[in-house]
Amino acid sequence: MRAALVAVGTIAMGYGGWLLLSTQNLTQVGQTALWAGAAVVAHDLLLVPVVLMLGWLVRRSGSGRPVLAAAAVLVLLGPVSLAAVPVFVGLGADPDMPTLLSRDYLLGWGVLASGIVLAGGALARSRILSGEERGGSAGGTDPRGR
Amino acid sequence: MRARVPSPDTFTSRLHDVRVAARVGRWLGVCFALAFVTGVLSHYAQATHQPIPLPTRPVWGYQVTQAVHVLAGTAAVPLLLVKLWTVYPRLFHRPSRGVRARLLTALERGSIALLVGAALFEVTTGLVNVTQWYPWEFSFRRAHYAVGWTAMGALVVHVGVKLPVIRGALARDLDESDSYDDRRPSSPLDRRGLLRLSGLAAAVAAVSTAGGTLPSIDRLAVLSARRSGGPQGVPVNRTARAAGVLAAASDPEWVCEVRHGDRVVELDRAALLAFPQHAVDLPIACVEGWSATGTWTGVRLRDLLRLVDAPDGAEVAFHSLQRRRAGRFSVLPAPFASDPLTLVALGLNGVPLSLDHGFPARLIAPNRPGVTQTKWLARIEVLR
């Protein structure tokens, strides 16, 4: 089973590489690799350290439900805000294309963020996110504190 | 003071856990598989020759598959970020001593780097394609397709390599404490909670960012690059001005040439309007993340093909007045060419086509990608 998966996956990877090399010139292939590499570097050296730092700050600033609510807001709002960077910045905006990027994105984000903050507070009060709230150990109760 | 290189033990959260990674990875795998299959279908549908033509029904087939592609790809963003965050400490794991162990580690890390690079490339380029921003020299369509195969292949290799670990992680209860937990402080958010938040985050991202792909959830898509409606009730992917066809499409001398070998017929708009007119309700869907259904009126393509004695089962090429960029040319497979719903459209939703929707005449066919519904027709050519 494992060998079959590795073999099938390797063939698919090879096909993808062949497709890229056979349809794009060297400059285009180089740019493709550059974008993929830059995405990895930006993720590993910038995004994750920032998220870890935010998590650390949240933990340092309090405990219990407020921390739980902040964590919920971070997980729910962070990725969607990142995915919406192209519309916030207006990448691709063109006066000749009036039906592209035609919403008020600041307002939209504000409405979404408000909803997520309210939802984060409600989730923190529920038993959905925390073993402590559920009364179990759930990878959440510190044995050293028992 | 010397900066310390982190080790896996530097990261003390109990959420950096293989059980969370395996479960989020399972959802991520589903999203990637859906995006991959629908992406392959879309790529095939845009091919200028289909050895086995796709079916003409259901008429909304492409509308659904491109919606699944965009929604699954966008839902993958939070899942990918959470998955990579949970396994981030592994990045600082030092391999065992010995040449063989180091070589195996290097191979495994190389394949993971390829997987992560390809996955991030796919979601990043997919997101900016929706806003039609192309700050690179490679062809988006070809590179996104090729790297999609690489990403899917690397994912399958990764699953193959990690299968025993994945099975073990999925078999263990998320709530179960272990000796590893005992060395780490408690967290208000537990593993089950993070998993639930990840699923919710995927739904929030898909609906609010990519919901514009389905008119039924468009109102919730506050961060979508498109919105439902537009001129004549349908969004415009490229205006006549952006396509550089304003003058040619407005020219009163415009004619559409229908050609089969030596047989050529030229028809102006009045001649096209003199044919029996038909009205069809068909969706138009674009993988840039929007779709809309309109009532199109015009001439059945097969009525025009009879003028030049086109044989049954011939493919038909459509040339636009547009001279550059995608959409200037398409080939319609034979079953679509003879379909009664395929029109050379002259009107949309009760009024003549606007310039931006393809005036004087455009192609509209069932179950086809929007980019192949050629606008501003200049020539219709029967192929062998």
# chains A, B, ... in the order shown; residues from 1 in each chain; ligands from 1
>>> residues_around(residues="Ser111 (chain B)", least_positions_apart="5", cutoff="8 Å", atoms="only C-alpha atoms", output="MDAnalysis selection string")
chainID B and resid 154 157:158
>>> residues_around(residues="Ser330 (chain B)", least_positions_apart="5", cutoff="7 Å", atoms="only C-alpha atoms", output="PyMOL selection string")
chain B and resi 48+317-319+372+374
>>> interface_residues(of="chain B", to="chain A", cutoff="7 Å", atoms="only C-alpha atoms", output="NGL selection string")
:B and (14 or 77-78 or 85 or 116-118 or 120-121 or 127-128 or 131-133 or 137-138 or 143 or 146-147 or 149-150 or 153-154 or 156-157 or 160-161 or 163 or 174-177 or 181-182 or 185-194 or 197-198 or 201 or 205 or 209 or 222-223 or 225-226 or 230 or 235-236 or 238-239 or 241-242)
>>> residues_around(residues="region 23-37 of chain B", least_positions_apart="5", cutoff="8 Å", atoms="only C-alpha atoms", output="ChimeraX atom specification")
/B:68-70,72-73,75-76,79-80,82-83,148-149,152,155,170,195,198
>>> select_by_dssp(residues="region 1-234 of chain B", states="alpha helix (DSSP H)", output="tab-separated table (two decimals) with C-alpha atoms, in the first residue's frame")
chain	number	residue	atom	x	y	z
B	18	VAL	CA	0.36	14.72	15.50
B	19	ARG	CA	-3.28	13.87	16.25
B	20	VAL	CA	-4.39	17.37	15.27
B	21	ALA	CA	-2.08	17.34	12.24
B	22	ALA	CA	-3.48	14.01	11.01
B	23	ARG	CA	-7.11	15.12	11.39
B	24	VAL	CA	-6.63	18.54	9.80
B	25	GLY	CA	-4.52	16.84	7.13
B	26	ARG	CA	-7.41	14.51	6.32
B	27	TRP	CA	-9.72	17.49	5.66
B	28	LEU	CA	-6.98	19.23	3.74
B	29	GLY	CA	-6.54	16.12	1.61
B	30	VAL	CA	-10.26	16.17	0.76
B	31	CYS	CA	-10.07	19.86	-0.23
B	32	PHE	CA	-6.97	19.27	-2.36
B	33	ALA	CA	-8.51	16.23	-4.03
B	34	LEU	CA	-11.72	18.15	-4.85
B	35	ALA	CA	-9.74	21.12	-6.20
B	36	PHE	CA	-7.48	18.78	-8.18
B	37	VAL	CA	-10.23	16.74	-9.83
B	38	THR	CA	-12.32	19.80	-10.70
B	39	GLY	CA	-9.17	21.60	-11.90
B	40	VAL	CA	-8.28	18.72	-14.23
B	41	LEU	CA	-11.86	18.76	-15.54
B	42	SER	CA	-11.70	22.52	-16.14
B	43	HIS	CA	-8.36	22.23	-17.91
B	44	TYR	CA	-9.71	19.45	-20.13
B	45	ALA	CA	-12.87	21.45	-20.86
B	61	GLY	CA	-22.16	21.05	-14.76
B	62	TYR	CA	-19.26	23.48	-15.18
B	63	GLN	CA	-20.95	26.01	-12.90
B	64	VAL	CA	-20.91	23.43	-10.11
B	65	THR	CA	-17.42	22.03	-10.71
B	66	GLN	CA	-15.78	25.47	-10.90
B	67	ALA	CA	-17.63	26.50	-7.72
B	68	VAL	CA	-16.33	23.37	-5.99
B	69	HIS	CA	-12.82	24.16	-7.27
B	70	VAL	CA	-12.80	27.72	-5.94
B	71	LEU	CA	-14.59	26.90	-2.67
B	72	ALA	CA	-12.38	23.87	-1.91
B	73	GLY	CA	-9.21	25.79	-2.79
B	74	THR	CA	-10.19	28.68	-0.53
B	75	ALA	CA	-11.30	26.39	2.31
B	76	ALA	CA	-7.85	24.81	2.09
B	77	VAL	CA	-6.16	28.10	3.15
B	78	PRO	CA	-7.01	27.92	6.90
B	79	LEU	CA	-6.56	24.15	6.94
B	80	LEU	CA	-3.13	24.40	5.33
B	81	LEU	CA	-2.04	27.13	7.74
B	82	VAL	CA	-3.24	25.19	10.80
B	83	LYS	CA	-1.68	21.96	9.52
B	84	LEU	CA	1.68	23.62	8.90
B	85	TRP	CA	1.52	25.37	12.29
B	86	THR	CA	0.90	22.12	14.17
B	87	VAL	CA	3.93	20.45	12.58
B	99	VAL	CA	24.92	8.94	6.66
B	100	ARG	CA	21.89	6.75	5.90
B	101	ALA	CA	19.66	8.42	8.50
B	102	ARG	CA	20.68	11.88	7.31
B	103	LEU	CA	20.09	10.94	3.69
B	104	LEU	CA	16.62	9.59	4.45
B	105	THR	CA	15.81	12.72	6.45
B	106	ALA	CA	17.03	14.92	3.61
B	107	LEU	CA	14.87	13.01	1.11
B	108	GLU	CA	11.81	13.24	3.33
B	109	ARG	CA	12.33	16.93	3.98
B	110	GLY	CA	12.91	17.57	0.29
B	111	SER	CA	9.59	15.93	-0.59
B	112	ILE	CA	7.84	17.92	2.15
B	113	ALA	CA	9.44	21.17	0.92
B	114	LEU	CA	8.13	20.35	-2.56
B	115	LEU	CA	4.67	19.62	-1.14
B	116	VAL	CA	4.54	22.80	0.93
B	117	GLY	CA	5.96	24.95	-1.89
B	118	ALA	CA	3.54	23.50	-4.44
B	119	ALA	CA	0.57	23.79	-2.07
B	120	LEU	CA	1.33	27.42	-1.19
B	121	PHE	CA	1.91	28.20	-4.88
B	122	GLU	CA	-1.49	26.76	-5.79
B	123	VAL	CA	-3.47	28.67	-3.17
B	124	THR	CA	-1.55	31.92	-3.68
B	125	THR	CA	-1.79	32.00	-7.47
B	126	GLY	CA	-5.39	30.79	-7.31
B	127	LEU	CA	-6.34	33.66	-4.99
B	128	VAL	CA	-4.74	36.35	-7.15
B	129	ASN	CA	-6.16	34.82	-10.33
B	130	VAL	CA	-9.59	35.64	-8.92
B	140	PHE	CA	-1.20	31.10	-14.96
B	141	ARG	CA	-3.34	28.38	-16.46
B	142	ARG	CA	-0.45	26.12	-17.48
B	143	ALA	CA	1.70	26.66	-14.37
B	144	HIS	CA	-1.26	26.28	-11.98
B	145	TYR	CA	-2.21	23.05	-13.74
B	146	ALA	CA	1.33	21.61	-13.78
B	147	VAL	CA	2.05	22.52	-10.14
B	148	GLY	CA	-1.36	21.09	-9.21
B	149	TRP	CA	-0.13	17.68	-10.41
B	150	THR	CA	3.10	18.17	-8.46
B	151	ALA	CA	1.22	19.16	-5.30
B	152	MET	CA	-1.16	16.20	-5.56
B	153	GLY	CA	1.72	13.80	-6.28
B	154	ALA	CA	3.77	15.14	-3.36
B	155	LEU	CA	0.72	14.81	-1.11
B	156	VAL	CA	0.23	11.17	-2.09
B	157	VAL	CA	3.96	10.48	-1.50
B	158	HIS	CA	3.70	12.18	1.90
B	159	VAL	CA	0.69	10.07	2.86
B	160	GLY	CA	2.55	6.95	1.72
B	161	VAL	CA	5.64	7.80	3.79
B	162	LYS	CA	3.69	8.80	6.89
B	163	LEU	CA	0.91	6.18	6.68
B	164	PRO	CA	1.78	4.30	9.91
B	165	VAL	CA	2.10	7.60	11.80
B	166	ILE	CA	-1.20	8.87	10.34
B	167	ARG	CA	-3.03	5.64	11.20
B	168	GLY	CA	-1.64	5.70	14.73
B	169	ALA	CA	-2.57	9.36	15.21
B	170	LEU	CA	-6.11	8.89	13.91
B	171	ALA	CA	-6.61	5.87	16.15
B	179	SER	CA	3.65	11.63	28.73
B	180	TYR	CA	4.44	14.29	26.16
B	181	ASP	CA	1.56	16.40	27.49
B	182	ASP	CA	2.93	16.05	31.00
B	191	ARG	CA	-6.85	19.89	20.56
B	192	ARG	CA	-10.49	19.14	19.91
B	193	GLY	CA	-11.25	22.85	20.13
B	194	LEU	CA	-8.53	23.70	17.61
B	195	LEU	CA	-9.88	21.05	15.26
B	196	ARG	CA	-13.39	22.50	15.50
B	197	LEU	CA	-12.09	26.02	14.96
B	198	SER	CA	-10.15	24.86	11.89
B	199	GLY	CA	-13.28	23.43	10.30
B	200	LEU	CA	-15.20	26.60	11.09
B	201	ALA	CA	-12.36	28.76	9.73
B	202	ALA	CA	-12.41	26.78	6.48
B	203	ALA	CA	-16.16	27.39	6.12
B	204	VAL	CA	-15.79	31.10	6.95
B	205	ALA	CA	-12.99	31.54	4.41
B	206	ALA	CA	-14.83	29.64	1.67
B	207	VAL	CA	-18.13	31.47	2.06
B	208	SER	CA	-16.87	35.01	2.73
B	209	THR	CA	-14.04	35.00	0.18
B	210	ALA	CA	-15.22	32.67	-2.56
>>> atom_distance(atom1="CA of Asp309 (chain B)", atom2="CA of Lys375 (chain B)")
24.1 Å
>>> closest_residue(among="B:Glu266, B:Trp254, B:Ala292, B:Leu282", to="Ala361 (chain B)", atoms="only C-alpha atoms")
B:Trp254
>>> atom_distance(atom1="CA of Phe275 (chain B)", atom2="CA of Pro311 (chain B)")
20.4 Å
>>> atom_distance(atom1="CA of Arg94 (chain B)", atom2="CA of Arg60 (chain A)")
29.3 Å
>>> residues_around(residues="Val344 (chain B)", least_positions_apart="6", cutoff="9 Å", atoms="only C-alpha atoms", output="compact mmCIF listing (two decimals) with N, CA, C and O atoms, in the first residue's frame")
# COMPACT_ATOMS: atom_id res chain seq x y z
N LEU B 272 -28.23 37.84 -39.22
CA LEU B 272 -28.35 36.88 -38.11
C LEU B 272 -29.72 37.00 -37.45
O LEU B 272 -30.33 35.99 -37.06
N THR B 297 -30.71 34.94 -26.23
CA THR B 297 -31.47 34.76 -27.47
C THR B 297 -30.53 34.87 -28.66
O THR B 297 -29.54 35.61 -28.61
N GLY B 298 -30.85 34.12 -29.69
CA GLY B 298 -30.01 34.17 -30.88
C GLY B 298 -30.30 33.02 -31.83
O GLY B 298 -31.36 32.39 -31.76
N VAL B 299 -29.33 32.72 -32.67
CA VAL B 299 -29.49 31.72 -33.73
C VAL B 299 -28.84 30.42 -33.28
O VAL B 299 -27.75 30.45 -32.70
N ARG B 300 -29.51 29.31 -33.56
CA ARG B 300 -28.87 28.02 -33.25
C ARG B 300 -27.63 27.87 -34.13
O ARG B 300 -27.68 28.10 -35.34
N LEU B 301 -26.54 27.47 -33.49
CA LEU B 301 -25.30 27.31 -34.24
C LEU B 301 -25.49 26.33 -35.39
O LEU B 301 -25.00 26.53 -36.50
N LEU B 304 -26.61 27.74 -38.61
CA LEU B 304 -25.56 28.45 -39.37
C LEU B 304 -24.63 27.45 -40.05
O LEU B 304 -24.17 27.68 -41.18
N ALA B 361 -22.10 39.68 -31.66
CA ALA B 361 -22.57 38.30 -31.51
C ALA B 361 -21.53 37.52 -30.72
O ALA B 361 -20.33 37.79 -30.82
N ARG B 362 -22.00 36.56 -29.94
CA ARG B 362 -21.09 35.73 -29.16
C ARG B 362 -21.59 34.30 -29.11
O ARG B 362 -22.76 34.03 -29.46
N LEU B 363 -20.74 33.42 -28.67
CA LEU B 363 -21.12 32.02 -28.49
C LEU B 363 -21.66 31.80 -27.08
O LEU B 363 -21.13 32.38 -26.13
N ILE B 364 -22.70 30.99 -26.97
CA ILE B 364 -23.12 30.51 -25.64
C ILE B 364 -23.52 29.04 -25.81
O ILE B 364 -24.28 28.69 -26.71
N ALA B 365 -22.93 28.19 -24.98
CA ALA B 365 -23.18 26.74 -25.07
C ALA B 365 -23.35 26.19 -23.66
O ALA B 365 -22.86 26.78 -22.70
N LEU B 377 -17.64 37.78 -31.94
CA LEU B 377 -17.27 36.80 -32.97
C LEU B 377 -16.84 37.47 -34.27
O LEU B 377 -17.48 38.41 -34.76
>>> residues_around(residues="Ser354 (chain B)", least_positions_apart="4", cutoff="10 Å", atoms="only C-alpha atoms", output="list of chain:residue names")
B:Pro231, B:Gln232, B:Thr239, B:Ala240, B:Leu346, B:Gly347, B:Leu348, B:Gly358, B:Phe359, B:Pro360, B:Ala361
>>> write_last_selection(atoms="N, CA, C and O atoms", output="mmCIF file, in the first residue's frame")
data_model
loop_
_atom_site.group_PDB
_atom_site.id
_atom_site.type_symbol
_atom_site.label_atom_id
_atom_site.label_comp_id
_atom_site.auth_asym_id
_atom_site.auth_seq_id
_atom_site.Cartn_x
_atom_site.Cartn_y
_atom_site.Cartn_z
ATOM 1 N N PRO B 231 -23.882 44.320 -15.612
ATOM 2 C CA PRO B 231 -24.627 44.801 -16.774
ATOM 3 C C PRO B 231 -25.491 43.671 -17.347
ATOM 4 O O PRO B 231 -24.992 42.566 -17.545
ATOM 5 N N GLN B 232 -26.759 43.914 -17.567
ATOM 6 C CA GLN B 232 -27.704 42.916 -18.078
ATOM 7 C C GLN B 232 -27.813 41.704 -17.149
ATOM 8 O O GLN B 232 -28.137 40.605 -17.583
ATOM 9 N N THR B 239 -14.018 43.628 -20.329
ATOM 10 C CA THR B 239 -14.833 44.566 -21.100
ATOM 11 C C THR B 239 -14.292 44.693 -22.530
ATOM 12 O O THR B 239 -13.155 44.301 -22.816
ATOM 13 N N ALA B 240 -15.115 45.294 -23.383
ATOM 14 C CA ALA B 240 -14.690 45.496 -24.776
ATOM 15 C C ALA B 240 -13.454 46.404 -24.820
ATOM 16 O O ALA B 240 -12.536 46.179 -25.611
ATOM 17 N N LEU B 346 -27.364 36.889 -29.642
ATOM 18 C CA LEU B 346 -27.455 38.296 -30.051
ATOM 19 C C LEU B 346 -28.074 39.153 -28.952
ATOM 20 O O LEU B 346 -27.974 40.381 -28.989
ATOM 21 N N GLY B 347 -28.708 38.481 -27.978
ATOM 22 C CA GLY B 347 -29.346 39.222 -26.892
ATOM 23 C C GLY B 347 -29.184 38.495 -25.570
ATOM 24 O O GLY B 347 -28.914 37.281 -25.538
ATOM 25 N N LEU B 348 -29.335 39.256 -24.489
ATOM 26 C CA LEU B 348 -29.219 38.686 -23.152
ATOM 27 C C LEU B 348 -30.256 39.337 -22.244
ATOM 28 O O LEU B 348 -30.341 40.575 -22.186
ATOM 29 N N GLY B 358 -20.300 41.037 -25.495
ATOM 30 C CA GLY B 358 -19.923 40.365 -26.736
ATOM 31 C C GLY B 358 -20.598 40.850 -27.996
ATOM 32 O O GLY B 358 -20.519 40.189 -29.037
ATOM 33 N N PHE B 359 -21.322 42.005 -27.932
ATOM 34 C CA PHE B 359 -21.940 42.570 -29.143
ATOM 35 C C PHE B 359 -20.882 42.682 -30.251
ATOM 36 O O PHE B 359 -19.740 43.030 -29.951
ATOM 37 N N PRO B 360 -21.172 42.377 -31.453
ATOM 38 C CA PRO B 360 -22.490 42.110 -32.072
ATOM 39 C C PRO B 360 -23.011 40.676 -31.853
ATOM 40 O O PRO B 360 -24.225 40.471 -31.887
ATOM 41 N N ALA B 361 -22.104 39.683 -31.658
ATOM 42 C CA ALA B 361 -22.566 38.304 -31.506
ATOM 43 C C ALA B 361 -21.529 37.519 -30.720
ATOM 44 O O ALA B 361 -20.333 37.792 -30.818
#
